[in-house]
Structures are given as C-alpha cells and as structure tokens.
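Heads up, work-v1.cif below (mmCIF, C-alpha atoms and all ligand atoms):
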```
data_coords
loop_
_atom_site.label_atom_id
_atom_site.label_comp_id
_atom_site.auth_asym_id
_atom_site.auth_seq_id
_atom_site.Cartn_x
_atom_site.Cartn_y
_atom_site.Cartn_z
CA MET Z 1 5.17 -84.02 -54.61
CA THR Z 2 5.49 -86.64 -57.31
CA GLU Z 3 6.33 -85.65 -60.79
CA ILE Z 4 5.41 -87.42 -63.99
CA VAL Z 5 7.98 -86.10 -66.38
CA THR Z 6 9.74 -87.16 -69.52
CA ASN Z 7 11.88 -84.92 -71.66
CA ASP Z 8 10.68 -86.62 -74.84
CA LEU Z 9 7.35 -86.29 -76.62
CA PRO Z 10 4.53 -86.38 -75.59
CA ALA Z 11 4.88 -83.12 -73.67
CA PRO Z 12 5.78 -83.50 -70.01
CA THR Z 13 2.94 -83.20 -67.55
CA THR Z 14 3.23 -81.94 -64.01
CA ALA Z 15 1.66 -83.37 -60.88
CA TYR Z 16 0.65 -79.95 -59.56
CA ASP Z 17 -2.02 -77.70 -61.01
CA VAL Z 18 0.01 -75.43 -63.30
CA GLU Z 19 -2.87 -73.09 -64.12
CA ASN Z 20 -3.69 -72.52 -60.51
CA ALA Z 21 -0.04 -71.87 -59.63
CA VAL Z 22 0.12 -69.29 -62.44
CA LEU Z 23 -3.20 -67.70 -61.52
CA GLU Z 24 -2.26 -67.29 -57.85
CA ARG Z 25 1.22 -65.92 -58.62
CA TYR Z 26 -0.10 -63.23 -60.97
CA LYS Z 27 -3.02 -62.34 -58.72
CA ALA Z 28 -0.31 -61.48 -56.19
CA GLY Z 29 1.57 -59.69 -58.98
CA ALA Z 30 -1.50 -57.53 -59.64
CA ARG Z 31 -1.72 -56.57 -55.97
CA GLU Z 32 1.96 -55.81 -55.47
CA ALA Z 33 4.91 -55.51 -57.84
CA GLN Z 34 7.01 -58.71 -57.78
CA PRO Z 35 10.66 -57.91 -58.53
CA ALA Z 36 11.49 -61.63 -58.92
CA LEU Z 37 9.22 -61.80 -61.97
CA CYS Z 38 10.85 -58.90 -63.76
CA CYS Z 39 13.20 -59.47 -66.63
CA PRO Z 40 14.83 -56.12 -67.49
CA THR Z 41 13.30 -54.86 -70.72
CA GLU Z 42 13.72 -51.73 -72.76
CA TYR Z 43 10.66 -50.43 -74.53
CA GLU Z 44 10.78 -48.22 -77.59
CA GLY Z 45 11.11 -44.59 -76.50
CA GLY Z 46 8.35 -42.20 -75.64
CA TYR Z 47 5.38 -44.52 -75.26
CA LEU Z 48 5.67 -44.98 -71.48
CA GLU Z 49 5.61 -41.29 -70.69
CA GLY Z 50 1.87 -40.88 -70.31
CA LEU Z 51 1.26 -44.20 -68.53
CA PRO Z 52 0.43 -44.48 -64.81
CA GLN Z 53 3.33 -45.58 -62.60
CA GLU Z 54 1.43 -48.65 -61.36
CA ILE Z 55 1.08 -50.02 -64.90
CA ILE Z 56 4.76 -49.42 -65.55
CA GLU Z 57 5.85 -51.08 -62.30
CA LYS Z 58 3.68 -54.17 -62.62
CA ASP Z 59 5.40 -55.16 -65.82
CA TYR Z 60 6.25 -58.85 -66.07
CA GLY Z 61 7.36 -58.86 -69.69
CA CYS Z 62 10.71 -60.04 -71.02
CA GLY Z 63 11.00 -58.34 -74.41
CA ASP Z 64 9.39 -55.66 -76.54
CA PRO Z 65 7.04 -57.08 -79.16
CA THR Z 66 5.23 -53.72 -79.30
CA ARG Z 67 7.85 -52.20 -81.59
CA TYR Z 68 6.72 -54.43 -84.47
CA VAL Z 69 3.17 -53.11 -84.91
CA LYS Z 70 1.97 -50.39 -87.25
CA ALA Z 71 -0.72 -47.71 -87.49
CA GLY Z 72 -4.23 -48.95 -88.21
CA GLU Z 73 -3.63 -52.58 -87.22
CA THR Z 74 -5.81 -54.79 -85.04
CA VAL Z 75 -3.61 -56.38 -82.39
CA VAL Z 76 -4.29 -59.06 -79.80
CA ASP Z 77 -2.04 -59.21 -76.72
CA LEU Z 78 -1.98 -62.67 -75.14
CA GLY Z 79 -1.68 -62.50 -71.34
CA SER Z 80 -2.03 -58.74 -71.19
CA GLY Z 81 -1.42 -58.47 -67.43
CA ALA Z 82 -1.46 -54.87 -66.20
CA GLY Z 83 -1.92 -53.68 -69.79
CA LYS Z 84 1.42 -51.97 -70.41
CA ASN Z 85 1.96 -53.55 -73.83
CA CYS Z 86 -1.66 -52.83 -74.81
CA TYR Z 87 -1.36 -49.16 -73.87
CA ILE Z 88 1.90 -48.79 -75.80
CA ILE Z 89 0.31 -50.42 -78.85
CA ALA Z 90 -2.81 -48.25 -78.47
CA GLN Z 91 -0.57 -45.26 -79.24
CA LYS Z 92 1.20 -47.01 -82.12
CA VAL Z 93 -1.90 -48.28 -83.95
CA GLY Z 94 -3.72 -44.97 -83.40
CA SER Z 95 -7.43 -44.29 -83.43
CA GLN Z 96 -7.94 -46.39 -86.58
CA GLY Z 97 -6.36 -49.43 -84.93
CA GLN Z 98 -7.61 -51.70 -82.16
CA VAL Z 99 -6.02 -53.55 -79.26
CA ILE Z 100 -7.52 -56.53 -77.47
CA GLY Z 101 -5.83 -57.69 -74.27
CA VAL Z 102 -6.62 -61.26 -73.21
CA ASP Z 103 -6.01 -62.54 -69.69
CA PHE Z 104 -7.65 -65.16 -67.48
CA ASN Z 105 -6.88 -63.40 -64.22
CA ASP Z 106 -9.63 -61.15 -62.81
CA GLU Z 107 -7.24 -59.12 -60.69
CA MET Z 108 -4.95 -58.38 -63.61
CA LEU Z 109 -7.95 -57.48 -65.78
CA ARG Z 110 -9.22 -55.12 -63.08
CA LEU Z 111 -5.80 -53.47 -62.83
CA ALA Z 112 -5.53 -53.11 -66.61
CA LYS Z 113 -9.00 -51.50 -66.80
CA LYS Z 114 -8.43 -49.22 -63.79
CA TYR Z 115 -6.66 -46.55 -65.85
CA GLN Z 116 -8.43 -47.12 -69.15
CA ASP Z 117 -10.56 -43.93 -69.08
CA GLU Z 118 -7.64 -41.81 -67.90
CA ILE Z 119 -5.39 -43.08 -70.70
CA ALA Z 120 -8.15 -42.79 -73.30
CA SER Z 121 -8.78 -39.16 -72.42
CA LYS Z 122 -5.05 -38.40 -72.69
CA LEU Z 123 -4.89 -40.08 -76.10
CA GLY Z 124 -8.19 -38.65 -77.27
CA TYR Z 125 -9.56 -42.07 -78.22
CA ASN Z 126 -10.24 -45.46 -76.68
CA ASN Z 127 -9.11 -48.35 -78.86
CA VAL Z 128 -8.31 -50.92 -76.13
CA HIS Z 129 -10.52 -53.74 -74.85
CA PHE Z 130 -9.61 -56.22 -72.16
CA VAL Z 131 -11.35 -59.59 -72.29
CA LYS Z 132 -11.30 -62.67 -70.12
CA GLY Z 133 -10.11 -65.83 -71.80
CA LYS Z 134 -7.45 -68.50 -71.82
CA ILE Z 135 -4.92 -67.85 -74.50
CA GLN Z 136 -4.96 -71.50 -75.56
CA ASP Z 137 -8.74 -71.27 -76.14
CA LEU Z 138 -9.30 -67.86 -77.73
CA ALA Z 139 -12.81 -68.70 -78.91
CA LEU Z 140 -14.19 -69.09 -75.40
CA ASN Z 141 -15.38 -65.97 -73.61
CA LEU Z 142 -14.89 -66.76 -69.93
CA ASP Z 143 -17.13 -63.88 -68.82
CA GLU Z 144 -19.98 -65.56 -70.72
CA VAL Z 145 -19.11 -68.91 -69.13
CA GLN Z 146 -19.14 -67.27 -65.69
CA ARG Z 147 -22.58 -65.73 -66.32
CA TRP Z 148 -23.93 -69.11 -67.45
CA LEU Z 149 -22.46 -70.85 -64.39
CA GLU Z 150 -24.16 -68.38 -62.06
CA LYS Z 151 -27.52 -69.48 -63.49
CA HIS Z 152 -26.58 -73.17 -63.82
CA PRO Z 153 -24.24 -74.18 -60.98
CA VAL Z 154 -22.54 -77.50 -61.78
CA THR Z 155 -23.29 -80.07 -59.10
CA SER Z 156 -23.53 -83.32 -61.06
CA ILE Z 157 -21.94 -85.29 -63.90
CA GLU Z 158 -24.87 -84.23 -66.11
CA GLY Z 159 -24.04 -80.65 -65.14
CA ILE Z 160 -20.49 -81.10 -66.48
CA GLY Z 161 -21.95 -82.27 -69.80
CA ALA Z 162 -24.25 -79.24 -69.95
CA LEU Z 163 -21.34 -76.89 -69.20
CA GLU Z 164 -19.25 -78.50 -71.95
CA ALA Z 165 -22.13 -78.15 -74.40
CA GLU Z 166 -22.54 -74.48 -73.49
CA CYS Z 167 -18.80 -73.85 -73.97
CA ALA Z 168 -18.96 -75.53 -77.40
CA ARG Z 169 -21.95 -73.37 -78.33
CA LEU Z 170 -20.26 -70.17 -77.18
CA ARG Z 171 -17.11 -70.97 -79.16
CA VAL Z 172 -19.14 -71.29 -82.35
CA GLU Z 173 -21.91 -68.73 -81.87
CA SER Z 174 -20.08 -65.91 -80.09
CA PRO Z 175 -16.34 -66.50 -80.25
CA LEU Z 176 -14.21 -64.28 -78.05
CA ILE Z 177 -11.85 -63.78 -81.02
CA SER Z 178 -13.07 -64.80 -84.46
CA ASP Z 179 -11.15 -66.69 -87.15
CA ASN Z 180 -8.99 -64.57 -89.48
CA SER Z 181 -9.77 -61.32 -87.67
CA VAL Z 182 -6.43 -60.01 -86.39
CA ASP Z 183 -3.40 -58.37 -88.06
CA VAL Z 184 -0.90 -59.05 -85.29
CA VAL Z 185 -0.85 -61.33 -82.27
CA ILE Z 186 1.73 -60.25 -79.71
CA SER Z 187 2.62 -61.70 -76.35
CA ASN Z 188 5.18 -60.79 -73.74
CA CYS Z 189 6.42 -63.55 -71.47
CA VAL Z 190 3.23 -65.61 -71.27
CA LEU Z 191 3.32 -68.61 -73.64
CA ASN Z 192 5.74 -70.45 -71.35
CA LEU Z 193 3.15 -70.31 -68.57
CA VAL Z 194 0.65 -72.46 -70.47
CA ARG Z 195 0.47 -76.15 -69.56
CA SER Z 196 2.67 -78.39 -71.73
CA GLN Z 197 -0.31 -80.38 -72.98
CA ASP Z 198 -2.02 -77.15 -74.18
CA LYS Z 199 0.95 -75.57 -75.93
CA GLN Z 200 0.29 -77.03 -79.38
CA GLN Z 201 -3.32 -75.87 -79.25
CA LEU Z 202 -2.06 -72.44 -78.19
CA PHE Z 203 -0.07 -72.07 -81.43
CA GLN Z 204 -3.04 -73.32 -83.46
CA GLU Z 205 -5.21 -70.68 -81.82
CA ILE Z 206 -2.73 -67.91 -82.66
CA TYR Z 207 -2.81 -69.14 -86.26
CA ARG Z 208 -6.61 -69.35 -86.35
CA VAL Z 209 -7.29 -65.78 -85.24
CA LEU Z 210 -4.72 -64.18 -87.57
CA LYS Z 211 -5.78 -62.90 -90.98
CA ARG Z 212 -4.01 -64.23 -94.03
CA GLY Z 213 -0.80 -62.18 -94.22
CA GLY Z 214 -1.00 -61.47 -90.48
CA ARG Z 215 1.87 -62.12 -88.11
CA ALA Z 216 2.70 -63.24 -84.60
CA VAL Z 217 5.40 -61.38 -82.67
CA ILE Z 218 6.16 -63.19 -79.47
CA SER Z 219 8.67 -62.39 -76.72
CA ASP Z 220 9.14 -65.29 -74.35
CA ILE Z 221 11.62 -67.07 -72.14
CA VAL Z 222 13.51 -69.93 -73.78
CA CYS Z 223 16.19 -72.29 -72.52
CA ASP Z 224 19.21 -73.81 -74.23
CA GLU Z 225 18.63 -77.33 -72.80
CA ASP Z 226 15.57 -79.23 -71.58
CA PRO Z 227 14.64 -78.27 -68.00
CA THR Z 228 15.46 -81.05 -65.52
CA PRO Z 229 12.69 -82.96 -63.70
CA ALA Z 230 13.56 -81.00 -60.54
CA ILE Z 231 12.91 -77.72 -62.36
CA LEU Z 232 9.71 -79.00 -63.94
CA ASN Z 233 8.50 -80.21 -60.57
CA ASP Z 234 8.66 -76.78 -58.97
CA PRO Z 235 5.43 -74.71 -59.21
CA GLU Z 236 7.33 -71.54 -58.23
CA LEU Z 237 9.65 -72.04 -61.17
CA TRP Z 238 6.70 -72.66 -63.48
CA SER Z 239 4.87 -69.49 -62.48
CA GLY Z 240 8.22 -67.69 -62.52
CA CYS Z 241 8.54 -68.29 -66.29
CA ILE Z 242 11.30 -70.92 -65.95
CA ALA Z 243 9.89 -74.45 -65.85
CA GLY Z 244 7.53 -73.96 -68.80
CA ALA Z 245 10.16 -72.23 -70.95
CA PHE Z 246 10.51 -73.55 -74.49
CA ARG Z 247 13.79 -75.03 -75.61
CA GLU Z 248 14.88 -72.37 -78.11
CA ASP Z 249 14.98 -74.62 -81.19
CA GLU Z 250 11.61 -76.18 -80.28
CA PHE Z 251 10.05 -72.74 -79.87
CA LEU Z 252 10.66 -72.00 -83.55
CA GLU Z 253 9.47 -75.47 -84.53
CA MET Z 254 6.14 -74.84 -82.78
CA PHE Z 255 5.45 -71.99 -85.21
CA GLU Z 256 6.46 -74.17 -88.13
CA GLN Z 257 4.18 -77.03 -87.05
CA ALA Z 258 1.24 -74.62 -86.74
CA GLY Z 259 1.70 -73.62 -90.42
CA PHE Z 260 3.56 -70.31 -90.10
CA TYR Z 261 6.23 -69.20 -92.57
CA GLY Z 262 9.07 -66.65 -92.50
CA ILE Z 263 9.82 -67.52 -88.89
CA GLU Z 264 12.61 -65.31 -87.62
CA ILE Z 265 14.44 -64.50 -84.40
CA LEU Z 266 14.17 -60.71 -84.04
CA SER Z 267 16.16 -60.52 -80.84
CA ARG Z 268 17.88 -62.87 -78.40
CA GLN Z 269 19.08 -61.68 -75.01
CA GLU Z 270 22.83 -62.12 -74.95
CA GLU Z 271 23.36 -62.70 -71.25
CA PRO Z 272 20.97 -65.25 -69.73
CA TRP Z 273 18.24 -63.87 -67.48
CA GLN Z 274 18.70 -66.84 -65.11
CA VAL Z 275 20.87 -69.96 -65.02
CA ILE Z 276 19.62 -73.00 -63.11
CA ASP Z 277 21.59 -76.24 -62.90
CA GLY Z 278 23.71 -74.96 -65.77
CA ILE Z 279 20.67 -74.41 -67.99
CA GLU Z 280 20.45 -70.90 -69.40
CA PHE Z 281 17.12 -69.09 -69.56
CA ARG Z 282 16.86 -65.95 -71.67
CA SER Z 283 14.39 -63.86 -73.60
CA LEU Z 284 13.79 -64.37 -77.30
CA THR Z 285 11.52 -62.41 -79.66
CA VAL Z 286 10.25 -64.28 -82.70
CA ARG Z 287 8.12 -63.17 -85.65
CA ALA Z 288 6.16 -65.56 -87.88
CA PHE Z 289 3.68 -65.03 -90.73
CA LYS Z 290 0.41 -66.70 -91.69
CA GLY Z 291 -0.79 -67.30 -95.24
CA LYS Z 292 1.17 -69.69 -97.41
CA ASP Z 293 -1.69 -72.05 -98.22
CA GLY Z 294 -3.66 -71.78 -101.48
CA PRO Z 295 -3.36 -72.83 -105.14
CA CYS Z 296 -0.05 -72.60 -107.03
CA LEU Z 297 -0.57 -70.79 -110.35
CA GLU Z 298 1.92 -70.27 -113.18
CA ARG Z 299 2.51 -66.65 -114.20
CA ASN Z 300 6.12 -67.08 -115.36
CA GLN Z 301 7.56 -65.27 -112.37
CA ALA Z 302 10.99 -65.82 -110.86
CA VAL Z 303 13.18 -64.49 -108.08
CA ILE Z 304 16.95 -64.21 -107.82
CA TYR Z 305 18.44 -64.84 -104.41
CA LYS Z 306 21.13 -62.19 -103.79
CA GLY Z 307 23.26 -64.17 -101.29
CA PRO Z 308 25.49 -64.17 -99.27
CA TRP Z 309 24.66 -67.86 -98.60
CA LYS Z 310 25.19 -70.22 -101.55
CA GLN Z 311 21.57 -71.35 -101.30
CA VAL Z 312 18.60 -71.07 -98.95
CA LEU Z 313 15.53 -73.22 -98.33
CA ASP Z 314 12.02 -71.92 -97.58
CA ASP Z 315 9.37 -73.50 -95.35
CA ASP Z 316 7.84 -75.35 -98.31
CA GLY Z 317 11.14 -76.95 -99.34
CA HIS Z 318 11.90 -74.62 -102.28
CA THR Z 319 15.62 -74.02 -102.72
CA TYR Z 320 16.88 -70.64 -103.94
CA GLU Z 321 20.37 -70.75 -105.47
CA ARG Z 322 22.41 -67.58 -105.19
CA GLY Z 323 22.30 -65.61 -108.46
CA GLN Z 324 19.90 -67.99 -110.25
CA ARG Z 325 16.46 -66.98 -111.48
CA MET Z 326 14.32 -69.52 -109.63
CA ALA Z 327 10.82 -70.24 -110.98
CA VAL Z 328 8.04 -69.67 -108.47
CA CYS Z 329 4.27 -69.79 -108.55
CA ASP Z 330 2.23 -66.60 -108.20
CA LYS Z 331 1.41 -67.21 -104.52
CA THR Z 332 5.07 -67.76 -103.58
CA TYR Z 333 6.13 -64.77 -105.71
CA LYS Z 334 3.73 -62.53 -103.78
CA ILE Z 335 4.98 -63.82 -100.44
CA LEU Z 336 8.64 -63.45 -101.43
CA THR Z 337 8.31 -59.94 -102.82
CA ASP Z 338 5.86 -58.47 -100.28
CA ALA Z 339 7.45 -55.25 -98.97
CA ASN Z 340 5.98 -55.99 -95.51
CA GLY Z 341 7.08 -59.62 -95.53
CA PRO Z 342 10.24 -61.31 -94.31
CA TYR Z 343 12.03 -62.13 -97.58
CA HIS Z 344 11.97 -59.21 -100.03
CA ARG Z 345 15.32 -57.72 -98.99
CA ASP Z 346 17.17 -60.89 -99.97
CA LEU Z 347 15.61 -61.33 -103.42
CA VAL Z 348 15.38 -59.62 -106.80
CA PRO Z 349 11.90 -60.01 -108.32
CA VAL Z 350 11.72 -61.06 -112.01
CA GLU Z 351 8.26 -60.44 -113.51
CA SER Z 352 7.11 -61.98 -116.76
CA TYR Z 353 7.12 -59.55 -119.71
CA GLN Z 354 3.67 -60.82 -120.69
CA ASN Z 355 0.99 -60.29 -118.11
CA ILE Z 356 -0.87 -63.54 -117.50
CA PRO Z 357 -4.18 -62.61 -115.83
CA LEU Z 358 -4.71 -64.61 -112.66
CA GLU Z 359 -8.00 -66.06 -113.92
CA GLU Z 360 -6.22 -67.44 -117.01
CA ALA Z 361 -3.19 -68.82 -115.16
CA GLN Z 362 -2.59 -72.57 -115.35
CA ALA Z 363 -1.48 -74.72 -112.42
CA PHE Z 364 2.22 -74.26 -111.62
CA ASP Z 365 4.18 -77.41 -112.42
CA CYS Z 366 5.86 -78.34 -109.16
CA GLN Z 367 7.93 -81.01 -110.99
CA ARG Z 368 9.55 -78.50 -113.35
CA THR Z 369 13.21 -77.55 -113.12
CA GLY Z 370 13.80 -74.90 -110.45
CA ILE Z 371 15.46 -72.45 -112.81
CA ARG Z 372 13.39 -70.17 -115.04
CA HIS Z 373 14.99 -69.65 -118.49
CA PRO Z 374 15.14 -65.92 -119.44
CA GLN Z 375 13.10 -66.77 -122.57
CA GLU Z 376 10.24 -67.87 -120.32
CA THR Z 377 10.31 -64.42 -118.74
CA LYS Z 378 10.59 -62.49 -122.01
CA GLY Z 379 8.59 -64.81 -124.31
CA LEU Z 380 9.95 -67.01 -127.13
CA ASP Z 381 9.24 -64.30 -129.75
CA TYR Z 382 11.19 -61.62 -127.96
CA ARG Z 383 13.69 -60.29 -130.55
CA VAL Z 384 14.17 -56.71 -129.40
CA THR Z 385 17.51 -55.04 -130.11
CA VAL Z 386 18.59 -52.02 -128.12
CA THR Z 387 22.07 -50.58 -128.58
CA ASN Z 388 23.88 -47.55 -127.31
CA GLU Z 389 24.59 -46.32 -130.82
CA GLY Z 390 24.53 -42.54 -130.91
CA ALA Z 391 24.93 -42.19 -127.17
CA ALA Z 392 27.86 -40.12 -126.00
CA CYS Z 393 30.26 -42.93 -125.14
CA CYS Z 394 32.31 -42.62 -122.02
CA ALA Z 395 30.88 -39.26 -121.03
CA PRO Z 396 31.25 -39.00 -117.26
CA GLU Z 397 27.63 -40.01 -116.65
CA SER Z 398 27.38 -42.68 -119.37
CA CYS Z 399 27.68 -46.40 -118.92
CA CYS Z 400 30.21 -48.02 -121.29
C1 LIG E 1 4.39 -62.89 -66.94
S1 LIG E 1 2.87 -62.03 -66.91
C2 LIG E 1 3.07 -61.01 -68.32
C3 LIG E 1 2.10 -59.88 -68.36
C4 LIG E 1 2.30 -58.88 -69.49
N1 LIG E 1 2.36 -59.52 -70.78
C5 LIG E 1 3.53 -58.02 -69.27
O1 LIG E 1 4.35 -57.93 -70.20
O2 LIG E 1 3.66 -57.42 -68.22
C6 LIG E 1 1.74 -63.28 -67.43
C7 LIG E 1 0.29 -62.84 -67.58
O3 LIG E 1 -0.37 -63.83 -68.36
C8 LIG E 1 -1.55 -64.26 -67.73
N2 LIG E 1 -1.73 -65.68 -68.10
C9 LIG E 1 -0.94 -66.72 -67.79
N3 LIG E 1 -1.39 -67.86 -68.34
C10 LIG E 1 -2.51 -67.52 -69.04
C11 LIG E 1 -3.45 -68.24 -69.82
N4 LIG E 1 -3.31 -69.56 -70.01
N5 LIG E 1 -4.47 -67.59 -70.37
C12 LIG E 1 -4.62 -66.24 -70.19
N6 LIG E 1 -3.78 -65.51 -69.44
C13 LIG E 1 -2.73 -66.13 -68.88
C14 LIG E 1 -1.31 -64.02 -66.26
O4 LIG E 1 -2.51 -63.86 -65.56
C15 LIG E 1 -0.47 -62.75 -66.27
O5 LIG E 1 -1.26 -61.61 -66.27
#
```

Show me this structure written as structure tokens.
Ligand SMILES: C[S@@+](CC[C@H](N)C(=O)[O-])C[C@H]1O[C@@H](n2cnc3c(N)ncnc32)[C@H](O)[C@@H]1O
Amino acid sequence: MTEIVTNDLPAPTTAYDVENAVLERYKAGAREAQPALCCPTEYEGGYLEGLPQEIIEKDYGCGDPTRYVKAGETVVDLGSGAGKNCYIIAQKVGSQGQVIGVDFNDEMLRLAKKYQDEIASKLGYNNVHFVKGKIQDLALNLDEVQRWLEKHPVTSIEGIGALEAECARLRVESPLISDNSVDVVISNCVLNLVRSQDKQQLFQEIYRVLKRGGRAVISDIVCDEDPTPAILNDPELWSGCIAGAFREDEFLEMFEQAGFYGIEILSRQEEPWQVIDGIEFRSLTVRAFKGKDGPCLERNQAVIYKGPWKQVLDDDGHTYERGQRMAVCDKTYKILTDANGPYHRDLVPVESYQNIPLEEAQAFDCQRTGIRHPQETKGLDYRVTVTNEGAACCAPESCC
C-alpha cells in the first residue's frame, strides 16, 4: 500500500479508504464486543444501572463527556455507537431535554435502537432519537439520501450531478440538524476517526449546530507527537482510534480556528492508553463555547482578574492584569461573568453605577486604555461620603 503523507499542512491524506475501514470495524464492533477498541473509562455513578448489558459492553468511548450536561438541555452525540452516552444523557437532561445520537453505521444504529422502548419505559419518557448522518456533514440526512437513491439509482455522470443536487437541496430544505439548535454537542472517541481532509469541516459543523452560548464537550484520543507515516498508513490503526488522533496542541487549536472561546482541558489521562514508536496516545476531554461574535457596546463595565497569574489573555487578544479593573464591552462582560461560562470564577465583576440601557449604549472604543478608572464606574459627579462615625468601633463583629 502506498501512502501519501506529510506531517505539515495541508492535512495528510491516506491511500486507503478511511471511511470504509472505520465503517467495517464498527460494524464488527456492533456485532461483537471488541476489547481492543476499549479504553478504560469511568462514567459518573448510577446512570449505567438500568442499561442493558449489551449497550454497556459495546462501549468504545475513551472519556466521559456526559457528566457535563444539565437538565433540560438539547444534546447531540456525534458517533453515538451503541447509544451508551445517549442513554446516560437521557437520564441527566430529563423529560424536558432531548438527545440526538448521530452515526453513519446502520448496524450501530440498529443496536442503539434495539433497547430504546425498554429504556424509555423504565425512565417513563422517550427523549432520545438516533439519526443517520456523517458527523462532518450534520445537515445531510443519510436516510433521506438512501430513499432518494432507491428511486434514482446512480449509473451515469449525470446521475452523480443529480445526486449532488439532491444532497444540496436536502441540506437546505430539511437539514438533519439545524443551525443554532443545540445546547451541547458531545462526542466520545469519534472525531479522530474522521478523514484528515474533513476534520476542519467537522469543527465548523459542531459550531454551526450549537446555539449562541452553547458548548462542545469532546472526549477523544490525542497524541503528544505527530503520528509517523507507518502509523498513518495502517487502516487498523486508523479505525482503532490511533492514526487519526489529533496532536494534543492542535486539537485545541481546531476549536479556536472554528470560532470557539473558553477552550479548556477538563481531563487528560495521566498514563497513555497506548504507546507506538514512542508516541503516546491518551484520552483528553475538552470543553469549548460558542458565541463571542456581535457588536461591542460601551456600558462602563470592568472586570478585575483575581490571579494567581500576573496576567491572562483571552481568545480575542484582551489582556487582564491581575488586580486591575480592566474595561470591557457589554458582550465581553456578559461572557466573562456568566455563571455557566468558563471565566467567572477568576474575575470580580465591576458594574457601572449608572445603568446605560443597551439601546442607548455607544460603540465600545477598542483603542482606549485597558484600565477603567474608578470614576468611569461611579460617574464624575460621584461625591458620596460614608463614614463609620457612630458605629461601635472595634466591637468583635465590627470592621475597623
Ligand atoms: C469509537 S466508536 C465510539 C462510539 C460511542 N461514542 C461510544 O462511546 O461507545 C465510533 C463510532 O462513531 C461512528 N463513526 C465513525 N466515523 C463517523 C462519521 N464520520 N460519521 C458518523 N459516525 C461515525 C462509528 O460508526 C462508531 O459507531
């Protein structure tokens, strides 16, 4: 087998059919549990108790992204396999939430659906749907494509054109997953399996389907150095979650390039899962948020970075100096102080004393000095005097 590989950009391509290798390996994994594909993983307690043994055994995950979802949320699971993550999340999001498992493998989809009624009757509700799609093309419903192909078998070049036109129509008119429709996208050990040339589009798709303020929580296999050509050239290693693994620094950069903010490593397996030619492969769970675009409006807000670092830099290049009240626009203030967001624990919010209604707010001056003077917060006319006169000084509970 010849390999066309470079370790530099553009992404390496492989001479074998990656998708087919992955499809065949996980069809086999749906039929029979494959111990070689298992990376030991601990799931948050209690949620596995009511699940059928077959679903538990045919687990090919490498982390636990399910612990980061909340009641009432709509969650998409990319590469849902036997459905274990979906069924755990079904319990966490409750009857008001929704779970959509996406996989392109009919056998895995059949296995995931096999116990759906049984689990729903135990829970008392059914909030899980399994759909057929490629995770790098979440707008295209592959069941619809299949139905179309049965009526219009492709036997000519013109037929290919007609199929492409139908796929384009389906993406627009009946997308499998709509823009801005999902609170959380999770995935457990699947992104690495996508072809190198499709990986950038995969991150763009995750971004597209998330609502503003939504988040991705992804567990995947990463490596500390670029895989060698020999590793990349091995279809078994690709479908075994090794050859397509992201280099750990590049994995985080992929989120950044897609427009995410607040990107954070939530867990990193200490001991490598596998070591090949000295290259370490281990599981990493990363969270990243969507929603930092939009106008910058001035409402005289500031934040104080608590430390311990001397200064930190956000994804838009704003620097926050420890202990300084840094001026921020309204949009950034909301992101930084959001109790469900990634930053609020590290910052003290400083609101303006005068409320500036959003509709009256002027554009934030991005050229201004980074530090907000206290008089900007309080107003130039602020002349209040408050003393402790009359208070019982140095009583045990007083502040002197
Ligand atoms: C390693 S298994 C992980 C399954 C599941 N997340 C778990 O934790 O057990 C990978 C799954 O992703 C599916 N898959 C791989 N590449 C895919 C793609 N490009 N689009 C959709 N599904 C894919 C496979 O069919 C398989 O079910």

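The spacing separating atom CA of Z:Ala33 from atom C14 of ligand LIG 1 (chain E) amounts to 13.5 Å.
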
Need the axis-aligned box for ligand LIG 1 (chain E) with 5 Å each side, so what are the centre and edges in Å to one decimal, as lines of an AutoDock Vina configuration file?
```
center_x = -0.1
center_y = -63.5
center_z = -68.2
size_x = 19.0
size_y = 22.1
size_z = 15.2
```

- Which distance in Å separates atom CA of Z:Lys199 and atom CA of Z:Tyr43, to one decimal?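 Pair atom CA of Z:Lys199 / atom CA of Z:Tyr43 returns 27.0 Å.
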
- Item | Which residue of Z:Glu360, Z:Asp220, Z:Glu321, Z:Asp143 approaches ligand LIG 1 (chain E) most closely, using all atoms listed in the file |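 Under the stated criterion, the closest residue is Z:Asp220.
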
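We find atom CA of Z:Lys70 and atom CA of Z:Gly97 to be spaced 8.7 Å apart.
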